Amino acid sequence: MPSRYNEKVSENEIQQVASADFPTRWGKFRIYGFRGHSGSDGDRQVEEAVALVMGDVKSAPALVRIHSQCLTGDVFHSLRCDCRQQLELSLSMITEEGAGILIYEQQEGRGIGLMAKLQAYELQDAGLDTVEANERLGFKNDYRDFTLPAEILKALGVMRVRLLSNNPEKVNALERAGVHVVERVPCEVTPSPHAEEYLKTKKEKLGHLFTSG
């Protein structure tokens, strides 16, 4: 039975709080709501995420995308990043295969939050790259640890995945959590000219892997 929203989440516990049929323009999914903890001891926070599941994800390594919330890209179609393009590519690829999982985390701006992300945009307009802007604001480059997505996969009974990502840290995080990544599948899109510097910084400073450029 799904746990109730008002129940306390204890350390290292993950709760499925809801599930429902979820038709989309890409096809029919099942949407699951999960709650768990993120952060290190002494600074642990409750984190929520959803998983869109299509088809049989257990009989073979599932195609999985871990996508971090990007209001500016996902909702408003910002051309400063490739987030919406990656989201739509992932849903399309899952639909083409007839099976897969997309986990959508509430981790705006790699965990710094929406307002700080907009402040970083302002600094980028003045000539800083994404890493430099975060540092100027007193933030690390990335606060995500991908613990919750790994626990979601385990809760869904998925222990072997083909991870749709350009970020090797996502691969490492899942492997550390006991989810075996049998293949990293590139999630590359044609960038807008507005996003070229953003993607260059991802590659040169954050270690993201691209087959071209």
# chains A, B, ... in the order shown; residues from 1 in each chain; ligands from 1
$ residues_around --residues "Asp21 in chain A" --least-positions-apart "4" --cutoff "9 Å" --atoms "only C-alpha atoms" --output "PyMOL selection string"
chain A and resi 28-31
$ write_last_selection --atoms "C-alpha atoms" --output "PDB file, in the first residue's frame"
ATOM      1  CA  LYS A  28       0.881   5.575 -22.031  1.00  0.00           C
ATOM      2  CA  PHE A  29       2.991   5.513 -18.874  1.00  0.00           C
ATOM      3  CA  ARG A  30       2.375   4.702 -15.234  1.00  0.00           C
ATOM      4  CA  ILE A  31       3.398   7.615 -12.983  1.00  0.00           C
TER       5      ILE A  31
END
$ select_by_dssp --residues "range 68-124 of chain A" --states "strand (DSSP E or B)" --output "PyMOL selection string"
chain A and resi 68+100-105
$ write_last_selection --atoms "N, CA and C atoms" --output "compact mmCIF listing (two decimals), in the first residue's frame"
# COMPACT_ATOMS: atom_id res chain seq x y z
N SER A 68 16.72 16.12 -14.14
CA SER A 68 16.53 17.11 -13.08
C SER A 68 15.64 18.24 -13.56
N GLY A 100 10.69 1.48 -20.51
CA GLY A 100 11.73 2.32 -19.93
C GLY A 100 11.18 3.14 -18.79
N ILE A 101 12.08 3.91 -18.17
CA ILE A 101 11.74 4.70 -16.99
C ILE A 101 12.36 6.08 -17.12
N LEU A 102 11.57 7.10 -16.85
CA LEU A 102 12.09 8.45 -16.71
C LEU A 102 11.83 8.91 -15.29
N ILE A 103 12.89 9.21 -14.56
CA ILE A 103 12.79 9.72 -13.20
C ILE A 103 13.01 11.23 -13.24
N TYR A 104 12.06 11.97 -12.72
CA TYR A 104 12.10 13.44 -12.75
C TYR A 104 12.30 13.94 -11.33
N GLU A 105 13.50 14.48 -11.08
CA GLU A 105 13.85 14.97 -9.75
C GLU A 105 13.57 16.45 -9.60
$ select_by_dssp --residues "range 156-189 of chain A" --states "helix (DSSP H, G or I)" --output "PyMOL selection string"
chain A and resi 168-176
$ closest_atom_pairs --of "range 20-109 of chain A" --to "range 150-174 of chain A" --cutoff "7 Å" --atoms "only C-alpha atoms" --output "JSON lines"
{"residue": "A:Val57", "atom": "CA", "partner": "A:Val158", "partner_atom": "CA", "distance": 6.9}
{"residue": "A:Lys58", "atom": "CA", "partner": "A:Val158", "partner_atom": "CA", "distance": 5.9}
{"residue": "A:Pro61", "atom": "CA", "partner": "A:Val161", "partner_atom": "CA", "distance": 4.4}
{"residue": "A:Ala62", "atom": "CA", "partner": "A:Val161", "partner_atom": "CA", "distance": 4.7}
{"residue": "A:Leu63", "atom": "CA", "partner": "A:Arg162", "partner_atom": "CA", "distance": 4.7}
{"residue": "A:Val64", "atom": "CA", "partner": "A:Leu163", "partner_atom": "CA", "distance": 5.0}
{"residue": "A:Arg65", "atom": "CA", "partner": "A:Leu164", "partner_atom": "CA", "distance": 5.0}
$ residues_around --residues "Gln15 in chain A" --least-positions-apart "2" --cutoff "7 Å" --atoms "only C-alpha atoms" --output "NGL selection string"
:A and (3 or 13 or 17 or 34-36)
$ write_last_selection --atoms "C-alpha atoms" --output "PDB file, in the first residue's frame"
ATOM      1  CA  SER A   3       2.394   5.501   2.263  1.00  0.00           C
ATOM      2  CA  GLU A  13      13.649   5.166   3.874  1.00  0.00           C
ATOM      3  CA  VAL A  17       3.082   7.844  -2.070  1.00  0.00           C
ATOM      4  CA  PHE A  34       8.184   8.862  -4.316  1.00  0.00           C
ATOM      5  CA  ARG A  35       9.538  10.597  -1.241  1.00  0.00           C
ATOM      6  CA  GLY A  36      12.924  10.070   0.357  1.00  0.00           C
TER       7      GLY A  36
END
$ closest_atom_pairs --of "range 95-201 of chain A" --to "range 69-75 of chain A" --cutoff "6 Å" --atoms "only C-alpha atoms" --output "CSV"
residue,atom,partner,partner_atom,distance
A:Glu105,CA,A:Gln69,CA,5.7
A:Gln106,CA,A:Gln69,CA,5.1
A:Gln107,CA,A:Gln69,CA,5.4
A:Glu108,CA,A:Gln69,CA,5.0
$ write_last_selection --atoms "N, CA and C atoms" --output "compact mmCIF listing (two decimals), in the first residue's frame"
# COMPACT_ATOMS: atom_id res chain seq x y z
N GLU A 105 13.50 14.48 -11.08
CA GLU A 105 13.85 14.97 -9.75
C GLU A 105 13.57 16.45 -9.60
N GLN A 106 13.18 16.87 -8.41
CA GLN A 106 13.00 18.29 -8.12
C GLN A 106 14.34 18.88 -7.67
N GLN A 107 15.24 19.06 -8.64
CA GLN A 107 16.59 19.53 -8.36
C GLN A 107 16.93 20.67 -9.32
N GLU A 108 16.18 21.75 -9.22
CA GLU A 108 16.36 22.89 -10.11
C GLU A 108 17.78 23.45 -10.00
$ decode --residues "range 132-146 of chain A" --atoms "N, CA and C atoms" --output "PDB file, in the first residue's frame"
ATOM      1  N   GLU A 132      31.546  29.290 -13.067  1.00  0.00           N
ATOM      2  CA  GLU A 132      32.011  30.535 -12.448  1.00  0.00           C
ATOM      3  C   GLU A 132      30.874  31.294 -11.775  1.00  0.00           C
ATOM      4  N   ALA A 133      29.698  31.295 -12.402  1.00  0.00           N
ATOM      5  CA  ALA A 133      28.540  31.988 -11.829  1.00  0.00           C
ATOM      6  C   ALA A 133      28.113  31.348 -10.520  1.00  0.00           C
ATOM      7  N   ASN A 134      28.073  30.017 -10.476  1.00  0.00           N
ATOM      8  CA  ASN A 134      27.718  29.336  -9.231  1.00  0.00           C
ATOM      9  C   ASN A 134      28.720  29.655  -8.128  1.00  0.00           C
ATOM     10  N   GLU A 135      30.005  29.646  -8.479  1.00  0.00           N
ATOM     11  CA  GLU A 135      31.043  29.925  -7.487  1.00  0.00           C
ATOM     12  C   GLU A 135      30.940  31.354  -6.976  1.00  0.00           C
ATOM     13  N   ARG A 136      30.644  32.302  -7.863  1.00  0.00           N
ATOM     14  CA  ARG A 136      30.501  33.697  -7.452  1.00  0.00           C
ATOM     15  C   ARG A 136      29.368  33.856  -6.433  1.00  0.00           C
ATOM     16  N   LEU A 137      28.329  33.034  -6.585  1.00  0.00           N
ATOM     17  CA  LEU A 137      27.191  33.077  -5.668  1.00  0.00           C
ATOM     18  C   LEU A 137      27.416  32.254  -4.401  1.00  0.00           C
ATOM     19  N   GLY A 138      28.562  31.579  -4.317  1.00  0.00           N
ATOM     20  CA  GLY A 138      28.880  30.794  -3.133  1.00  0.00           C
ATOM     21  C   GLY A 138      28.387  29.365  -3.172  1.00  0.00           C
ATOM     22  N   PHE A 139      28.064  28.872  -4.371  1.00  0.00           N
ATOM     23  CA  PHE A 139      27.555  27.512  -4.509  1.00  0.00           C
ATOM     24  C   PHE A 139      28.593  26.588  -5.136  1.00  0.00           C
ATOM     25  N   LYS A 140      28.428  25.286  -4.875  1.00  0.00           N
ATOM     26  CA  LYS A 140      29.175  24.277  -5.615  1.00  0.00           C
ATOM     27  C   LYS A 140      28.574  24.137  -7.012  1.00  0.00           C
ATOM     28  N   ASN A 141      29.275  23.403  -7.872  1.00  0.00           N
ATOM     29  CA  ASN A 141      28.786  23.194  -9.230  1.00  0.00           C
ATOM     30  C   ASN A 141      27.540  22.323  -9.262  1.00  0.00           C
ATOM     31  N   ASP A 142      27.453  21.378  -8.309  1.00  0.00           N
ATOM     32  CA  ASP A 142      26.367  20.397  -8.374  1.00  0.00           C
ATOM     33  C   ASP A 142      26.105  19.858  -6.976  1.00  0.00           C
ATOM     34  N   TYR A 143      24.870  19.980  -6.523  1.00  0.00           N
ATOM     35  CA  TYR A 143      24.508  19.478  -5.198  1.00  0.00           C
ATOM     36  C   TYR A 143      23.781  18.138  -5.259  1.00  0.00           C
ATOM     37  N   ARG A 144      23.559  17.617  -6.437  1.00  0.00           N
ATOM     38  CA  ARG A 144      22.822  16.368  -6.559  1.00  0.00           C
ATOM     39  C   ARG A 144      23.718  15.180  -6.219  1.00  0.00           C
ATOM     40  N   ASP A 145      23.138  14.172  -5.567  1.00  0.00           N
ATOM     41  CA  ASP A 145      23.904  12.953  -5.321  1.00  0.00           C
ATOM     42  C   ASP A 145      23.237  11.716  -5.926  1.00  0.00           C
ATOM     43  N   PHE A 146      22.038  11.895  -6.476  1.00  0.00           N
ATOM     44  CA  PHE A 146      21.312  10.843  -7.192  1.00  0.00           C
ATOM     45  C   PHE A 146      20.993   9.630  -6.325  1.00  0.00           C
TER      46      PHE A 146
END
